[in-house]
Each structure stands twice: as C-alpha cells, then as structure tokens.
file final-v2.csv (CSV, C-alpha atoms)
chain,number,residue,atom,x,y,z
A,1,MET,CA,0.0,0.0,0.0
A,2,LYS,CA,1.3,3.5,-0.9
A,3,VAL,CA,-0.1,6.5,0.9
A,4,ALA,CA,0.5,10.2,0.9
A,5,VAL,CA,-0.2,12.3,4.0
A,6,ILE,CA,-1.2,15.7,2.8
A,7,ASN,CA,-2.8,19.0,3.9
A,8,TYR,CA,-2.1,22.6,3.0
A,9,CYS,CA,-2.3,23.4,6.6
A,10,GLY,CA,0.6,22.8,9.0
A,11,THR,CA,0.3,21.5,12.6
A,12,VAL,CA,-2.6,19.1,11.8
A,13,GLY,CA,-0.4,16.1,12.6
A,14,LYS,CA,0.8,14.8,9.3
A,15,THR,CA,4.2,13.7,10.7
A,16,THR,CA,2.6,12.2,13.8
A,17,ILE,CA,0.2,10.2,11.7
A,18,ALA,CA,3.0,9.1,9.3
A,19,ALA,CA,5.2,8.0,12.2
A,20,HIS,CA,2.8,6.7,14.8
A,21,LEU,CA,-0.3,5.6,13.0
A,22,LEU,CA,0.9,4.4,9.6
A,23,ALA,CA,4.5,3.3,9.7
A,24,PRO,CA,4.2,0.7,12.4
A,25,ARG,CA,1.2,-0.9,10.7
A,26,MET,CA,2.5,-0.9,7.1
A,27,GLU,CA,5.2,-3.6,6.8
A,28,GLN,CA,8.6,-2.2,5.8
A,29,ALA,CA,7.1,1.0,4.5
A,30,ARG,CA,9.7,3.5,3.5
A,31,ILE,CA,8.9,7.0,4.6
A,32,TYR,CA,9.5,9.9,2.3
A,33,ALA,CA,9.4,13.3,3.9
A,34,VAL,CA,8.7,16.0,1.3
A,35,GLU,CA,9.7,18.8,3.7
A,36,THR,CA,12.0,21.7,3.8
A,37,ILE,CA,11.5,23.3,7.2
A,38,ASN,CA,9.4,21.3,9.8
A,39,GLU,CA,9.9,18.2,11.9
A,40,THR,CA,9.9,15.0,10.0
A,41,ALA,CA,9.6,11.4,11.1
A,42,GLY,CA,13.4,11.3,10.8
A,43,ASP,CA,13.5,13.6,13.9
A,44,LEU,CA,11.6,10.8,15.7
A,45,GLY,CA,14.4,8.3,15.0
A,46,LEU,CA,12.8,6.7,11.9
A,47,ASP,CA,14.8,6.0,8.8
A,48,ILE,CA,13.4,8.3,6.2
A,49,GLU,CA,14.3,9.9,2.9
A,50,LYS,CA,13.9,13.6,2.8
A,51,MET,CA,13.3,15.6,-0.4
A,52,LYS,CA,11.7,18.8,-1.7
A,53,GLY,CA,8.4,19.0,-3.5
A,54,ASP,CA,10.1,19.7,-6.8
A,55,LYS,CA,11.9,16.3,-6.7
A,56,PHE,CA,8.6,14.6,-7.5
A,57,GLY,CA,10.2,12.8,-10.5
A,58,LYS,CA,12.7,11.0,-8.3
A,59,LEU,CA,9.9,10.1,-5.8
A,60,TYR,CA,7.6,8.9,-8.5
A,61,LYS,CA,10.3,6.5,-9.8
A,62,GLU,CA,10.9,5.1,-6.3
A,63,LEU,CA,7.2,4.7,-5.8
A,64,LEU,CA,6.9,2.6,-8.9
A,65,MET,CA,9.4,0.1,-7.4
A,66,ALA,CA,8.0,0.1,-3.8
A,67,ASP,CA,5.3,-2.2,-2.3
A,68,ASN,CA,4.7,0.0,0.7
A,69,ALA,CA,5.5,3.6,1.1
A,70,ILE,CA,4.4,6.6,3.1
A,71,VAL,CA,4.9,10.1,1.6
A,72,ASP,CA,4.6,12.8,4.3
A,73,VAL,CA,4.1,16.1,2.4
A,74,GLY,CA,5.0,19.1,4.5
A,75,ALA,CA,2.6,22.0,4.3
A,76,SER,CA,5.1,24.3,2.5
A,77,ASN,CA,5.6,21.7,-0.2
A,78,VAL,CA,2.0,20.7,-0.9
A,79,GLU,CA,1.4,23.2,-3.7
A,80,ASP,CA,4.6,22.1,-5.5
A,81,PHE,CA,3.7,18.5,-4.9
A,82,ILE,CA,0.2,18.7,-6.4
A,83,ASP,CA,1.6,20.8,-9.3
A,84,ARG,CA,4.1,18.0,-10.1
A,85,MET,CA,1.3,15.5,-9.8
A,86,ILE,CA,-0.6,17.4,-12.5
A,87,LYS,CA,2.5,17.4,-14.7
A,88,PHE,CA,3.2,13.7,-14.3
A,89,GLU,CA,-0.1,12.7,-15.7
A,90,GLU,CA,-2.0,10.0,-13.8
A,91,SER,CA,0.9,9.9,-11.2
A,92,HIS,CA,-1.7,10.1,-8.4
A,93,ALA,CA,-2.8,6.6,-9.5
A,94,GLU,CA,0.4,5.4,-8.0
A,95,PHE,CA,-1.0,6.2,-4.5
A,96,ASP,CA,-3.6,3.9,-3.0
A,97,TYR,CA,-4.7,6.5,-0.6
A,98,PHE,CA,-4.3,10.2,0.3
A,99,ILE,CA,-4.6,10.7,4.0
A,100,VAL,CA,-5.8,14.2,5.0
A,101,PRO,CA,-5.4,14.8,8.7
A,102,VAL,CA,-7.5,17.6,10.3
A,103,THR,CA,-7.7,19.3,13.7
A,104,SER,CA,-10.8,21.2,14.9
A,105,GLY,CA,-9.9,24.9,14.3
A,106,GLY,CA,-11.8,26.8,11.7
A,107,LYS,CA,-8.7,27.7,9.7
A,108,GLU,CA,-7.5,24.1,9.8
A,109,GLN,CA,-10.9,22.8,8.6
A,110,LYS,CA,-11.0,25.3,5.7
A,111,GLU,CA,-7.5,24.4,4.6
A,112,THR,CA,-8.4,20.8,4.8
A,113,LEU,CA,-11.4,21.3,2.5
A,114,LYS,CA,-9.2,23.2,0.1
A,115,SER,CA,-6.7,20.3,0.1
A,116,ILE,CA,-9.5,17.8,-0.6
A,117,GLN,CA,-10.8,20.0,-3.4
A,118,ALA,CA,-7.3,20.2,-4.9
A,119,LEU,CA,-6.9,16.4,-4.8
A,120,ALA,CA,-10.4,15.9,-6.3
A,121,GLY,CA,-9.6,18.5,-8.9
A,122,VAL,CA,-6.5,16.7,-10.2
A,123,GLY,CA,-8.6,13.5,-10.5
A,124,VAL,CA,-8.1,11.6,-7.3
A,125,GLU,CA,-11.1,9.3,-6.8
A,126,PRO,CA,-13.2,10.1,-3.7
A,127,ASN,CA,-12.7,6.7,-2.2
A,128,LYS,CA,-8.9,7.3,-2.1
A,129,ILE,CA,-9.2,10.5,-0.1
A,130,ARG,CA,-9.4,9.6,3.6
A,131,VAL,CA,-9.8,12.1,6.4
A,132,VAL,CA,-8.3,11.5,9.8
A,133,PHE,CA,-9.7,13.5,12.6
A,134,ASN,CA,-6.8,14.5,14.9
A,135,ARG,CA,-6.5,15.9,18.4
A,136,VAL,CA,-10.2,15.3,19.0
A,137,ASP,CA,-11.4,16.6,22.3
A,138,THR,CA,-14.7,14.9,22.9
A,139,ASP,CA,-16.9,14.5,19.9
A,140,VAL,CA,-16.1,14.3,16.2
A,141,ALA,CA,-19.6,15.2,15.0
A,142,ASP,CA,-19.6,18.4,17.1
A,143,GLU,CA,-16.0,19.5,16.5
A,144,PHE,CA,-15.7,18.6,12.9
A,145,ALA,CA,-19.2,19.2,11.6
A,146,PRO,CA,-18.1,21.2,8.6
A,147,ILE,CA,-15.9,18.4,7.3
A,148,LEU,CA,-18.6,15.9,7.8
A,149,GLY,CA,-21.1,18.2,6.1
A,150,TYR,CA,-18.7,18.7,3.2
A,151,ALA,CA,-18.1,14.9,2.8
A,152,LYS,CA,-21.9,14.3,2.9
A,153,THR,CA,-22.8,17.0,0.4
A,154,THR,CA,-20.0,16.6,-2.2
A,155,LYS,CA,-19.1,12.9,-1.6
A,156,ALA,CA,-15.6,14.0,-2.6
A,157,CYS,CA,-13.9,12.1,0.2
A,158,VAL,CA,-14.4,9.5,2.9
A,159,ALA,CA,-14.8,11.0,6.3
A,160,ASN,CA,-15.4,8.2,8.8
A,161,PRO,CA,-16.0,9.6,12.4
A,162,ALA,CA,-14.3,6.5,13.8
A,163,ALA,CA,-11.0,7.5,12.1
A,164,ALA,CA,-10.3,9.8,15.1
A,165,ILE,CA,-7.2,10.3,17.2
A,166,TYR,CA,-8.1,11.8,20.5
A,167,GLU,CA,-6.0,14.5,22.2
A,168,ASN,CA,-3.2,12.9,24.2
A,169,GLU,CA,-0.1,14.4,25.7
A,170,VAL,CA,1.9,11.3,24.7
A,171,PHE,CA,2.5,12.7,21.2
A,172,ASN,CA,4.2,15.8,22.5
A,173,LEU,CA,6.2,13.7,25.0
A,174,LEU,CA,7.3,11.4,22.2
A,175,SER,CA,8.3,14.3,20.0
A,176,ALA,CA,10.3,15.8,22.9
A,177,LYS,CA,12.1,12.5,23.4
A,178,LYS,CA,12.5,12.1,19.7
A,179,THR,CA,11.1,8.6,19.6
A,180,THR,CA,8.0,6.7,18.3
A,181,ILE,CA,5.2,5.0,20.1
A,182,THR,CA,6.2,1.7,18.7
A,183,ALA,CA,9.8,2.1,20.0
A,184,VAL,CA,8.4,2.9,23.5
A,185,VAL,CA,6.0,0.0,23.5
A,186,GLN,CA,8.8,-2.4,22.5
A,187,ASP,CA,11.2,-0.9,25.0
A,188,GLU,CA,11.4,-3.4,27.9
A,189,THR,CA,13.5,-1.2,30.1
A,190,ASP,CA,12.0,-0.9,33.7
A,191,TYR,CA,12.4,2.9,34.1
A,192,LYS,CA,10.7,2.8,37.4
A,193,ALA,CA,13.3,0.4,38.8
A,194,LEU,CA,16.1,2.5,37.3
A,195,LEU,CA,14.7,5.6,38.9
A,196,ARG,CA,14.4,4.0,42.3
A,197,GLY,CA,17.9,2.6,42.0
A,198,LEU,CA,19.5,6.1,41.6
A,199,ASP,CA,21.2,7.4,44.7
A,200,LYS,CA,20.6,10.9,46.1
A,201,ASP,CA,23.4,12.5,44.2
A,202,ALA,CA,22.4,11.1,40.9
A,203,ASP,CA,22.3,13.4,37.8
A,204,LYS,CA,18.9,15.1,38.0
A,205,LYS,CA,18.6,15.0,34.2
A,206,LYS,CA,18.9,11.3,34.2
A,207,ALA,CA,16.3,11.0,37.0
A,208,ALA,CA,13.9,13.2,35.0
A,209,HIS,CA,14.5,11.1,31.9
A,210,TYR,CA,13.7,7.9,33.7
A,211,ALA,CA,10.5,9.4,35.2
A,212,ASP,CA,9.4,10.8,31.7
A,213,MET,CA,10.0,7.4,30.0
A,214,HIS,CA,8.1,5.6,32.7
A,215,ALA,CA,5.1,8.0,32.2
A,216,ILE,CA,5.4,7.8,28.4
A,217,LYS,CA,5.3,4.0,28.6
A,218,GLY,CA,2.2,4.1,30.7
A,219,LEU,CA,0.4,6.3,28.2
A,220,ALA,CA,1.8,4.7,25.1
A,221,ARG,CA,0.3,1.2,25.5
A,222,GLY,CA,-3.3,2.4,25.6
A,223,VAL,CA,-2.8,4.9,22.8
A,224,ASN,CA,-1.1,2.2,20.6
A,225,ARG,CA,-4.2,0.0,21.0
A,226,GLN,CA,-6.4,2.9,20.1
A,227,LEU,CA,-4.3,3.6,17.0
A,228,ASP,CA,-4.9,0.0,15.9
A,229,ALA,CA,-8.6,0.7,15.8
A,230,VAL,CA,-8.0,4.1,14.1
A,231,PHE,CA,-5.9,2.5,11.4
A,232,ALA,CA,-8.7,-0.1,10.7
A,233,ALA,CA,-11.3,2.8,10.5
A,234,VAL,CA,-9.2,4.9,8.2
A,235,PHE,CA,-8.9,2.2,5.6
A,236,ALA,CA,-12.4,0.6,6.2
B,1,MET,CA,-13.7,58.4,37.4
B,2,HIS,CA,-13.6,55.0,36.0
B,3,GLN,CA,-14.4,54.5,32.3
B,4,PRO,CA,-17.2,52.0,31.5
B,5,GLU,CA,-14.5,49.8,29.8
B,6,ASP,CA,-12.4,49.7,32.9
B,7,ILE,CA,-15.4,48.6,35.0
B,8,LYS,CA,-16.2,45.9,32.4
B,9,THR,CA,-12.6,44.7,32.5
B,10,ALA,CA,-12.6,44.7,36.3
B,11,ILE,CA,-16.0,42.9,36.4
B,12,LEU,CA,-14.8,40.3,34.0
B,13,GLY,CA,-11.7,39.7,36.2
B,14,LEU,CA,-13.8,38.9,39.2
B,15,PRO,CA,-13.1,35.3,40.5
B,16,GLY,CA,-15.8,32.7,40.3
B,17,ARG,CA,-16.9,33.2,36.7
B,18,THR,CA,-16.2,30.4,34.4
B,19,LEU,CA,-14.2,30.9,31.2
B,20,ALA,CA,-17.3,30.0,29.2
B,21,ALA,CA,-19.3,32.7,30.9
B,22,LYS,CA,-16.6,35.3,30.4
B,23,LEU,CA,-16.2,34.5,26.7
B,24,ARG,CA,-20.0,34.3,26.2
B,25,GLN,CA,-20.3,37.9,27.2
B,26,LEU,CA,-17.5,39.0,24.8
B,27,MET,CA,-18.3,36.8,21.9
B,28,PRO,CA,-20.5,39.3,20.0
B,29,ASP,CA,-17.7,41.8,19.9
B,30,ILE,CA,-15.1,39.1,19.2
B,31,ASP,CA,-17.1,37.7,16.4
B,32,ARG,CA,-17.5,41.1,14.8
B,33,ARG,CA,-13.7,41.9,15.1
B,34,VAL,CA,-12.8,38.5,13.6
B,35,ARG,CA,-15.1,39.1,10.7
B,36,GLU,CA,-13.4,42.5,10.2
B,37,GLY,CA,-10.1,40.7,9.8
B,38,VAL,CA,-8.5,40.5,13.3
B,39,GLY,CA,-6.6,37.3,13.7
B,40,HIS,CA,-7.6,34.6,16.3
B,41,GLU,CA,-4.1,34.8,17.7
B,42,GLU,CA,-4.4,38.6,18.4
B,43,ILE,CA,-7.7,38.1,20.1
B,44,VAL,CA,-6.3,35.3,22.3
B,45,GLU,CA,-3.3,37.4,23.2
B,46,THR,CA,-5.6,40.3,24.2
B,47,LEU,CA,-7.8,38.0,26.3
B,48,ASN,CA,-4.7,36.6,28.0
B,49,ARG,CA,-3.3,40.1,28.7
B,50,HIS,CA,-6.6,41.0,30.3
B,51,GLY,CA,-6.6,38.0,32.6
B,52,ILE,CA,-8.8,35.6,30.6
B,53,GLU,CA,-6.5,32.6,30.2
B,54,VAL,CA,-7.5,30.7,27.1
B,55,LYS,CA,-5.6,28.6,24.6
B,56,LEU,CA,-6.0,29.3,20.8
B,57,GLU,CA,-7.6,25.9,20.2
B,58,THR,CA,-10.1,26.4,23.0
B,59,PHE,CA,-10.9,29.9,21.8
B,60,ARG,CA,-11.6,28.6,18.3
B,61,LYS,CA,-14.0,26.0,19.7
B,62,TYR,CA,-15.9,28.7,21.7
B,63,LEU,CA,-16.1,31.0,18.6
B,64,TYR,CA,-17.3,28.1,16.5
B,65,ARG,CA,-19.9,27.1,19.0
B,66,TYR,CA,-21.0,30.8,19.4
B,67,ARG,CA,-21.4,31.2,15.7
B,68,LYS,CA,-23.3,27.9,15.4
B,69,LYS,CA,-25.7,29.0,18.1
B,70,ALA,CA,-26.1,32.4,16.7
B,71,LYS,CA,-26.9,30.9,13.3
B,72,SER,CA,-29.5,28.5,14.7
B,73,THR,CA,-31.1,31.4,16.6
B,74,GLU,CA,-31.2,33.5,13.5
B,75,ALA,CA,-32.7,30.7,11.4
B,76,ALA,CA,-35.4,30.2,14.0
B,77,LEU,CA,-36.5,33.8,13.8
B,78,ALA,CA,-39.1,35.1,11.3
B,79,PRO,CA,-37.6,37.2,8.5
B,80,THR,CA,-39.2,40.4,9.7
B,81,GLU,CA,-38.2,39.8,13.3
B,82,LYS,CA,-34.7,38.8,12.2
B,83,GLN,CA,-33.9,42.1,10.6
B,84,GLY,CA,-34.5,44.0,13.8
B,85,ALA,CA,-33.2,41.5,16.3
B,86,ILE,CA,-29.8,40.5,15.0
B,87,THR,CA,-27.5,42.6,13.1
B,88,ARG,CA,-24.6,40.9,11.4
B,89,PRO,CA,-21.8,43.1,10.2
B,90,THR,CA,-21.1,40.7,7.4
B,91,THR,CA,-21.9,41.0,3.8
B,92,ALA,CA,-22.4,37.3,3.4
B,93,PRO,CA,-26.0,36.3,2.9
B,94,VAL,CA,-27.4,34.0,5.6
B,95,THR,CA,-28.7,30.8,4.0
B,96,VAL,CA,-30.0,27.8,5.7
B,97,GLY,CA,-30.2,24.3,4.3
B,98,LYS,CA,-28.2,22.5,1.7
B,99,PRO,CA,-25.0,24.4,1.0
B,100,ASP,CA,-24.1,25.3,-2.5
B,101,ILE,CA,-20.9,23.4,-2.7
B,102,SER,CA,-20.2,22.3,-6.2
B,103,PRO,CA,-17.9,19.3,-6.9
B,104,ALA,CA,-14.2,20.3,-7.2
B,105,PRO,CA,-13.6,21.9,-10.6
B,106,PRO,CA,-11.0,20.1,-12.7
B,107,ILE,CA,-7.4,21.3,-12.1
B,108,SER,CA,-5.0,21.1,-15.0
B,109,ASN,CA,-2.4,23.7,-14.2
B,110,LYS,CA,-0.9,25.9,-11.5
B,111,GLY,CA,-3.4,28.7,-12.2
B,112,ASP,CA,-6.4,26.3,-11.6
B,113,LEU,CA,-4.7,25.2,-8.4
B,114,ALA,CA,-4.3,28.8,-7.1
B,115,LYS,CA,-8.0,29.5,-8.0
B,116,ALA,CA,-9.1,26.4,-6.1
B,117,ARG,CA,-7.1,27.5,-3.1
B,118,ALA,CA,-8.7,30.9,-3.1
B,119,VAL,CA,-12.2,29.4,-2.7
B,120,ASP,CA,-13.7,30.2,0.7
B,121,PHE,CA,-15.9,27.8,2.6
B,122,ASP,CA,-18.8,28.7,4.9
B,123,LEU,CA,-18.1,26.3,7.8
B,124,GLU,CA,-21.4,27.1,9.5
B,125,GLN,CA,-23.4,26.2,6.4
B,126,LEU,CA,-21.4,23.0,6.0
B,127,ALA,CA,-21.9,22.1,9.7
B,128,GLN,CA,-25.6,22.5,9.2
B,129,ALA,CA,-25.5,20.2,6.2
B,130,ALA,CA,-23.9,17.5,8.4
B,131,LYS,CA,-27.1,17.6,10.5
B,132,ASP,CA,-29.6,17.8,7.7
B,133,LYS,CA,-31.3,14.5,6.7
B,134,GLU,CA,-30.5,13.1,3.3

call {"tool": "encode", "arguments": {"input": "final-v2.csv", "output": "structure tokens"}}
result
Amino acid sequence: MKVAVINYCGTVGKTTIAAHLLAPRMEQARIYAVETINETAGDLGLDIEKMKGDKFGKLYKELLMADNAIVDVGASNVEDFIDRMIKFEESHAEFDYFIVPVTSGGKEQKETLKSIQALAGVGVEPNKIRVVFNRVDTDVADEFAPILGYAKTTKACVANPAAAIYENEVFNLLSAKKTTITAVVQDETDYKALLRGLDKDADKKKAAHYADMHAIKGLARGVNRQLDAVFAAVFA
Amino acid sequence: MHQPEDIKTAILGLPGRTLAAKLRQLMPDIDRRVREGVGHEEIVETLNRHGIEVKLETFRKYLYRYRKKAKSTEAALAPTEKQGAITRPTTAPVTVGKPDISPAPPISNKGDLAKARAVDFDLEQLAQAAKDKE
C-alpha cells in the first residue's frame, strides 16, 4: 500500500500520523518526507528519505518500485507536490490513498477542505481520499461538523468519524524524546526500577528522563491500542 | 472616574466566573472583530493580557460554537423579526439548508490550483449540512 499524507495546513499532525499511525502498521514501508522546514519522522528516530516538493520525478520512480510507502508532504511543499502530480499525468494513481489529517480549528478545517478540493480537482477518486480527525477533544460530530457536512454533500472524500485520534499528551512527549510510540511499546527497560535505583546524588537530568520514560510507557500502550482501531477505521 | 470599559474589565476579572461565561459575554464583539479581519491569535493574546486565560484551540471552539448557536437562533426567527433583532456586520448572505458546494472543478495547471485554493468555505453552512437529513 502506498499513501500520501497531505494538507495545505501545518500542525494538523501529518508527521505524527505518518510516524505513529501508519509506519508501524505498514510492513517495511519507506517514509519519504517531502519537507523543507518542519519536523519529519526522521526527527523521531525513523529511517526516512527527505526531499523537496520539486523532486517529484525522483519520488515517482521510487514509488513505482515500492510495495509499501508513506509520503509525508510538509505544508510548505503541498502546492509544488500537487503541481508536479498534475504534470506527471496519472501519477496520483500510484497512490492507493491520500490521508488528510485535520484538527478542529476553523482555519484548519478550511485548509483541509481546500486540500481535498485540490486532490479531487486533479482527478483523485473520492474513495482514495481519507480524512483522519486528529486531536479530537470529545466528539467528532460536534468538533468537525463542517468536514462531515462537506463529505456528505459533495461525496468528494471519505470522512469516517471512527477515524479519530483523541488529544493525548503522549504525542508531545514522544516528540520531545525524539522517539516513536512503537519504540516505546517495544522498550522493555524498567524505568521505574532504574529511577528508584538512583542514589541521592544522581544526575537530575537522568532521573527526569527515567521518570518521563516511565510516564510515556504508561500512556503509550493504551494509545497504541487505540491507534490499531483508528488504522482499521481509516482504511475501512 | 472609571471609564465603563475599565469597569467591564474589572468585572470580567472577578473570580468565580467560568471561562465560558466570560467568553460568552465578549463573543458578539469578538465575532465582529474576527469578521473584520482581526486574527484569532491577536484576540487570544488580548484576552490573556486581560486575565482571561484561554488557549488558541479552545478559543476557536468557543467561537465556532457561538457562531453555530447564533446561526440557529437566527434561522429560527421570522424574517421580519430577524432584521430588527440580530445585526450581522457581514456582507455574506445568511442561508440555511443544503449548501451550494459544487464538486471540485478540474485542475489542470498551477493557475487552476491557485484558484481552487482561493475558494472560501462557509463552515457554519457545512456544519448545518452535516445535521440535515438526506
């Protein structure tokens, strides 16, 4: 499966979704970060290939060879990326899905709708455009009503309210620790024991790190299970 | 002598009022200023400076809910009553029901892409569409 994670708007969680939702559930998927300025999944310790939006030709060739791939398109590169997709006719067909993350702010929802309109305009079929509701507070229907209304009216995309990632501090903590949820879940280190084993004069930074990692592990397991369900809902 | 605005600020700062209540009182003015082009960030900074601690994301939710509520109130009013009761400093016509959202126009060059990006969406109208029956 090959997917692009795309939105004109920054800070809607494209990289979070690429690194924590998609990569662990897509076997041996290479991550391509089309990004010039912002954080990439590479900053979270994943092996990625970074390129600019105008290198679409190179990316396209690599996609033709790949079985699984995730293309995380940074906001500042979306226009170039779509422009290249127009020029390389039918290149969008190389993607199985376009994942469009959205958060609940008005500007974010408007930019998301514009992103979906652009994808639909270049010929991406509605079934291939999948919305992921990110940083949900309580209720998708309430917080993302415009997106749901748009999807219902135009049928230009698939917006499944179950494809929802709820607000959780673990994502910021993971970013601060430059790691992924999968790495944390697989980490068998007993940070609590390490913390308790430190003597009084131990390095405070080390103690803080052990405490943070213990907290992150506690949050990560539950969130990881939720992400399994979100992944299934996104591609349902 | 205190100016009315000073008193308003002082009153808003009194403990015991919830954030929702404070914002509810200010929302008509905030909504108007946002429609006049003032950024959400500027509004939030001003609120914070005046002792109303609110995050940008939370503020946007309150604004969205206020507009949604104002819209449904307006829709419930008869047209003659509506003109006198609610004034909206917006030039956008208020329409209720199925929004006029046409399917995405074909995009075949960078110019088309720029045009598509310039399209504005009426979020309130779309939100209403989500609730309408098929």

call {"tool": "interface_residues", "arguments": {"input": "final-v2.csv", "of": "chain A", "to": "chain B", "cutoff": "10 Å", "atoms": "all atoms listed in the file", "output": "PyMOL selection string"}}
result
chain A and resi 8+79-80+82-87+89+103-107+109-111+113-123+137+141-156

call {"tool": "atom_distance", "arguments": {"input": "final-v2.csv", "atom1": "atom CA of B:Gly37", "atom2": "atom CA of A:Lys14"}}
result
28.1 Å

call {"tool": "atom_distance", "arguments": {"input": "final-v2.csv", "atom1": "atom CA of A:Asp67", "atom2": "atom CA of A:Ala29"}}
result
7.7 Å

call {"tool": "atom_distance", "arguments": {"input": "final-v2.csv", "atom1": "atom CA of A:Val136", "atom2": "atom CA of B:Ile43"}}
result
23.0 Å

call {"tool": "decode", "arguments": {"input": "final-v2.csv", "residues": "stretch 19-35 of chain B", "atoms": "N, CA, C and O atoms", "output": "compact mmCIF listing (two decimals), in the first residue's frame"}}
result
# COMPACT_ATOMS: atom_id res chain seq x y z
N LEU B 19 -14.71 30.37 32.47
CA LEU B 19 -14.18 30.87 31.20
C LEU B 19 -15.31 31.00 30.18
O LEU B 19 -15.41 31.99 29.46
N ALA B 20 -16.18 30.00 30.16
CA ALA B 20 -17.28 30.00 29.20
C ALA B 20 -18.15 31.25 29.39
O ALA B 20 -18.52 31.90 28.41
N ALA B 21 -18.43 31.58 30.65
CA ALA B 21 -19.30 32.73 30.91
C ALA B 21 -18.62 34.02 30.48
O ALA B 21 -19.26 34.90 29.88
N LYS B 22 -17.33 34.12 30.78
CA LYS B 22 -16.60 35.34 30.38
C LYS B 22 -16.60 35.50 28.86
O LYS B 22 -16.85 36.57 28.33
N LEU B 23 -16.31 34.40 28.19
CA LEU B 23 -16.23 34.48 26.72
C LEU B 23 -17.60 34.73 26.10
O LEU B 23 -17.72 35.45 25.11
N ARG B 24 -18.63 34.14 26.72
CA ARG B 24 -19.98 34.30 26.18
C ARG B 24 -20.33 35.79 26.10
O ARG B 24 -20.91 36.25 25.12
N GLN B 25 -19.95 36.52 27.14
CA GLN B 25 -20.28 37.93 27.18
C GLN B 25 -19.54 38.72 26.09
O GLN B 25 -20.06 39.68 25.53
N LEU B 26 -18.31 38.29 25.80
CA LEU B 26 -17.49 39.04 24.85
C LEU B 26 -17.67 38.58 23.40
O LEU B 26 -17.25 39.27 22.47
N MET B 27 -18.28 37.43 23.22
CA MET B 27 -18.32 36.82 21.89
C MET B 27 -18.92 37.69 20.78
O MET B 27 -18.39 37.70 19.66
N PRO B 28 -20.02 38.44 21.04
CA PRO B 28 -20.54 39.26 19.95
C PRO B 28 -19.49 40.23 19.41
O PRO B 28 -19.34 40.39 18.20
N ASP B 29 -18.73 40.86 20.33
CA ASP B 29 -17.69 41.80 19.89
C ASP B 29 -16.54 41.06 19.22
O ASP B 29 -16.01 41.51 18.20
N ILE B 30 -16.16 39.92 19.81
CA ILE B 30 -15.06 39.14 19.23
C ILE B 30 -15.42 38.69 17.82
O ILE B 30 -14.64 38.84 16.88
N ASP B 31 -16.61 38.17 17.68
CA ASP B 31 -17.07 37.68 16.38
C ASP B 31 -17.00 38.80 15.34
O ASP B 31 -16.51 38.61 14.22
N ARG B 32 -17.45 39.98 15.75
CA ARG B 32 -17.46 41.11 14.83
C ARG B 32 -16.02 41.46 14.41
O ARG B 32 -15.74 41.64 13.23
N ARG B 33 -15.10 41.49 15.40
CA ARG B 33 -13.73 41.87 15.10
C ARG B 33 -13.05 40.82 14.18
O ARG B 33 -12.29 41.18 13.29
N VAL B 34 -13.37 39.55 14.43
CA VAL B 34 -12.79 38.49 13.59
C VAL B 34 -13.28 38.64 12.16
O VAL B 34 -12.52 38.53 11.20
N ARG B 35 -14.58 38.95 12.02
CA ARG B 35 -15.13 39.14 10.67
C ARG B 35 -14.52 40.37 9.99
O ARG B 35 -14.50 40.48 8.77
